[in-house]
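> Let me begin by handing over the structure; questions about it come next.
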Amino acid sequence: MRAARKNFLDCIPAVADSICWNERDGIVTIHMIHRGVFAAVAQQFFGRPRVSHIELDGCGSFVFRSIDGQRTVEELARLLDARFGREAEPLYGRLVRFLQILRNNRFIEYPKMKNTHWNEAGTGRKSVKKKNCTLCRGSHSKEGHRIWRNEGQSCRRGKM
(Lines give C-alpha, C1' and ligand atoms only; values in the text may rest on other atoms or scores of the structure.)
Protein backbone atom coordinates (compact mmCIF):
# COMPACT_ATOMS: atom_id res chain seq x y z
CA MET A 1 0.00 0.00 0.00
CA ARG A 2 1.22 3.45 -0.87
CA ALA A 3 2.19 5.87 1.91
CA ALA A 4 0.06 8.97 2.32
CA ARG A 5 1.52 12.00 0.58
CA LYS A 6 1.90 15.21 2.50
CA ASN A 7 1.03 18.62 1.14
CA PHE A 8 4.10 20.27 -0.38
CA LEU A 9 3.04 23.63 1.07
CA ASP A 10 3.55 22.16 4.57
CA CYS A 11 7.16 21.17 3.87
CA ILE A 12 9.97 23.07 5.56
CA PRO A 13 13.02 23.63 3.34
CA ALA A 14 16.48 24.28 4.78
CA VAL A 15 19.66 25.43 3.08
CA ALA A 16 22.03 22.47 2.71
CA ASP A 17 25.11 22.58 4.92
CA SER A 18 27.34 21.54 2.05
CA ILE A 19 26.86 24.60 -0.17
CA CYS A 20 28.85 27.82 -0.28
CA TRP A 21 27.12 31.11 -0.97
CA ASN A 22 27.45 34.82 -0.39
CA GLU A 23 25.35 37.92 -0.80
CA ARG A 24 26.25 41.25 -2.36
CA ASP A 25 23.81 44.15 -2.80
CA GLY A 26 20.83 41.90 -2.03
CA ILE A 27 21.75 39.32 -4.70
CA VAL A 28 22.70 35.80 -3.62
CA THR A 29 25.49 34.00 -5.46
CA ILE A 30 25.80 30.24 -4.98
CA HIS A 31 29.27 28.79 -5.59
CA MET A 32 29.12 25.25 -6.93
CA ILE A 33 32.37 23.28 -6.98
CA HIS A 34 32.41 20.68 -9.75
CA ARG A 35 33.69 17.32 -8.56
CA GLY A 36 33.90 13.88 -10.08
CA VAL A 37 35.31 12.17 -13.11
CA PHE A 38 33.14 13.90 -15.71
CA ALA A 39 33.82 17.32 -14.20
CA ALA A 40 37.57 16.62 -14.23
CA VAL A 41 37.43 15.60 -17.90
CA ALA A 42 35.39 18.68 -18.79
CA GLN A 43 37.85 20.92 -16.93
CA GLN A 44 40.90 19.32 -18.49
CA PHE A 45 39.79 19.01 -22.11
CA PHE A 46 37.04 21.59 -22.56
CA GLY A 47 38.24 24.36 -20.26
CA ARG A 48 35.22 24.23 -17.98
CA PRO A 49 35.62 26.18 -14.72
CA ARG A 50 36.31 24.43 -11.40
CA VAL A 51 33.66 26.57 -9.69
CA SER A 52 30.40 27.87 -11.15
CA HIS A 53 29.04 31.07 -9.63
CA ILE A 54 25.24 30.98 -9.90
CA GLU A 55 23.71 34.41 -9.40
CA LEU A 56 20.02 34.39 -8.42
CA ASP A 57 17.58 37.09 -9.48
CA GLY A 58 15.77 39.37 -7.01
CA CYS A 59 12.89 36.98 -6.31
CA GLY A 60 15.19 33.97 -6.08
CA SER A 61 17.57 35.79 -3.72
CA PHE A 62 14.66 36.85 -1.52
CA VAL A 63 13.33 33.29 -1.29
CA PHE A 64 16.78 31.79 -0.72
CA ARG A 65 17.52 34.21 2.14
CA SER A 66 14.06 33.49 3.61
CA ILE A 67 14.73 29.74 3.79
CA ASP A 68 15.72 29.26 7.42
CA GLY A 69 14.62 25.73 8.29
CA GLN A 70 11.62 27.13 10.20
CA ARG A 71 9.28 28.50 7.53
CA THR A 72 7.01 26.31 5.43
CA VAL A 73 6.67 26.65 1.67
CA GLU A 74 3.30 28.32 2.22
CA GLU A 75 4.89 30.94 4.51
CA LEU A 76 7.59 31.54 1.89
CA ALA A 77 4.84 32.08 -0.70
CA ARG A 78 3.11 34.64 1.53
CA LEU A 79 6.39 36.49 2.10
CA LEU A 80 7.14 36.48 -1.62
CA ASP A 81 3.64 37.78 -2.42
CA ALA A 82 3.91 40.54 0.20
CA ARG A 83 7.31 41.64 -1.11
CA PHE A 84 6.85 41.36 -4.89
CA GLY A 85 3.07 41.21 -5.47
CA ARG A 86 2.10 40.78 -9.10
CA GLU A 87 5.74 40.69 -10.16
CA ALA A 88 6.01 37.19 -8.66
CA GLU A 89 2.99 35.78 -10.52
CA PRO A 90 2.28 32.90 -11.11
CA LEU A 91 3.29 32.68 -7.48
CA TYR A 92 2.91 29.02 -6.48
CA GLY A 93 3.98 27.52 -9.79
CA ARG A 94 7.08 29.68 -9.90
CA LEU A 95 7.99 29.08 -6.24
CA VAL A 96 7.50 25.31 -6.44
CA ARG A 97 9.60 25.07 -9.61
CA PHE A 98 12.35 27.21 -8.04
CA LEU A 99 12.42 24.99 -4.93
CA GLN A 100 12.54 21.87 -7.13
CA ILE A 101 15.56 23.25 -9.00
CA LEU A 102 17.28 24.12 -5.73
CA ARG A 103 16.56 20.61 -4.38
CA ASN A 104 17.69 18.81 -7.53
CA ASN A 105 20.99 20.70 -7.39
CA ARG A 106 21.31 19.88 -3.67
CA PHE A 107 21.26 23.52 -2.59
CA ILE A 108 18.34 22.89 -0.21
CA GLU A 109 16.89 19.87 1.54
CA TYR A 110 13.77 18.94 3.45
CA PRO A 111 15.22 17.57 6.71
CA LYS A 112 11.88 16.66 8.28
CA MET A 113 10.71 14.89 5.15
CA LYS A 114 13.23 12.04 4.94
CA ASN A 115 12.31 9.17 2.62
CA THR A 116 9.65 11.11 0.74
CA HIS A 117 9.41 11.59 -2.98
CA TRP A 118 10.41 15.29 -2.58
CA ASN A 119 13.63 14.57 -0.76
CA GLU A 120 14.84 11.45 -2.53
CA ALA A 121 13.66 11.95 -6.11
CA GLY A 122 15.59 13.46 -8.92
CA THR A 123 19.33 13.20 -8.73
CA GLY A 124 20.21 9.58 -8.04
CA ARG A 125 23.52 10.75 -6.54
CA LYS A 126 24.89 9.63 -3.22
CA SER A 127 24.72 12.09 -0.37
CA VAL A 128 28.15 13.33 0.65
CA LYS A 129 28.67 14.74 4.13
CA LYS A 130 31.14 17.62 3.99
CA LYS A 131 33.08 18.97 6.91
CA ASN A 132 33.06 22.62 7.84
CA CYS A 133 35.98 24.72 6.70
CA THR A 134 38.58 24.92 9.45
CA LEU A 135 39.97 28.16 8.05
CA CYS A 136 36.86 30.29 8.56
CA ARG A 137 34.37 27.81 10.12
CA GLY A 138 32.12 28.18 7.07
CA SER A 139 29.95 25.37 5.76
CA HIS A 140 32.25 24.52 2.88
CA SER A 141 35.39 22.51 2.41
CA LYS A 142 38.94 23.84 2.69
CA GLU A 143 39.19 23.27 -1.04
CA GLY A 144 36.29 25.65 -1.69
CA HIS A 145 37.85 28.21 0.65
CA ARG A 146 41.16 28.11 -1.23
CA ILE A 147 39.41 28.46 -4.59
CA TRP A 148 37.52 31.54 -3.41
CA ARG A 149 40.64 33.08 -1.89
CA ASN A 150 42.50 32.59 -5.19
CA GLU A 151 39.64 34.30 -7.04
CA GLY A 152 39.66 37.22 -4.56
CA GLN A 153 36.17 36.51 -3.21
CA SER A 154 34.88 36.05 0.29
CA CYS A 155 32.59 33.44 1.74
CA ARG A 156 29.41 34.14 3.69
CA ARG A 157 31.26 33.83 6.99
CA GLY A 158 33.37 36.88 6.35
CA LYS A 159 36.59 37.89 4.68
CA MET A 160 39.26 35.36 3.98
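Order determines the names: the first chain of the C-alpha coordinates is A, the second B, and so forth; residues in each chain are numbered 1 upward, and ligands are numbered 1 upward as they are shown.
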If we count only C-alpha atoms, what is near His53 of chain A at a cut-off of 7 Å, once residues fewer than 5 positions away on the same chain are taken out, given as number ranges by chain?

A: 29-32

> When distances are computed from only C-alpha atoms, which of A:Asp81, A:Asp68, A:Glu87, A:Glu55 shows the smallest separation from Ile27 of chain A?

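Distance minimum relative to Ile27 of chain A lands on A:Glu55.
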
> Any idea what's packed within 9 Å of Leu80 of chain A, counting only C-alpha atoms, ignoring anything in its chain fewer than 2 positions away? Could you give it as a ChimeraX atom specification?

/A:59,62-63,75-78,82-85,88,91,95

> What is the distance, in Å and to one decimal place, between atom CA of Ala14 of chain A and atom CA of Val37 of chain A?

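Result for atom CA of Ala14 of chain A versus atom CA of Val37 of chain A: 28.7 Å, one decimal.
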
> Between atom CA of Cys11 of chain A and atom CA of Val96 of chain A, measure the distance and give it in Å to one decimal.

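So the two atoms, atom CA of Cys11 of chain A and atom CA of Val96 of chain A, lie 11.1 Å apart.
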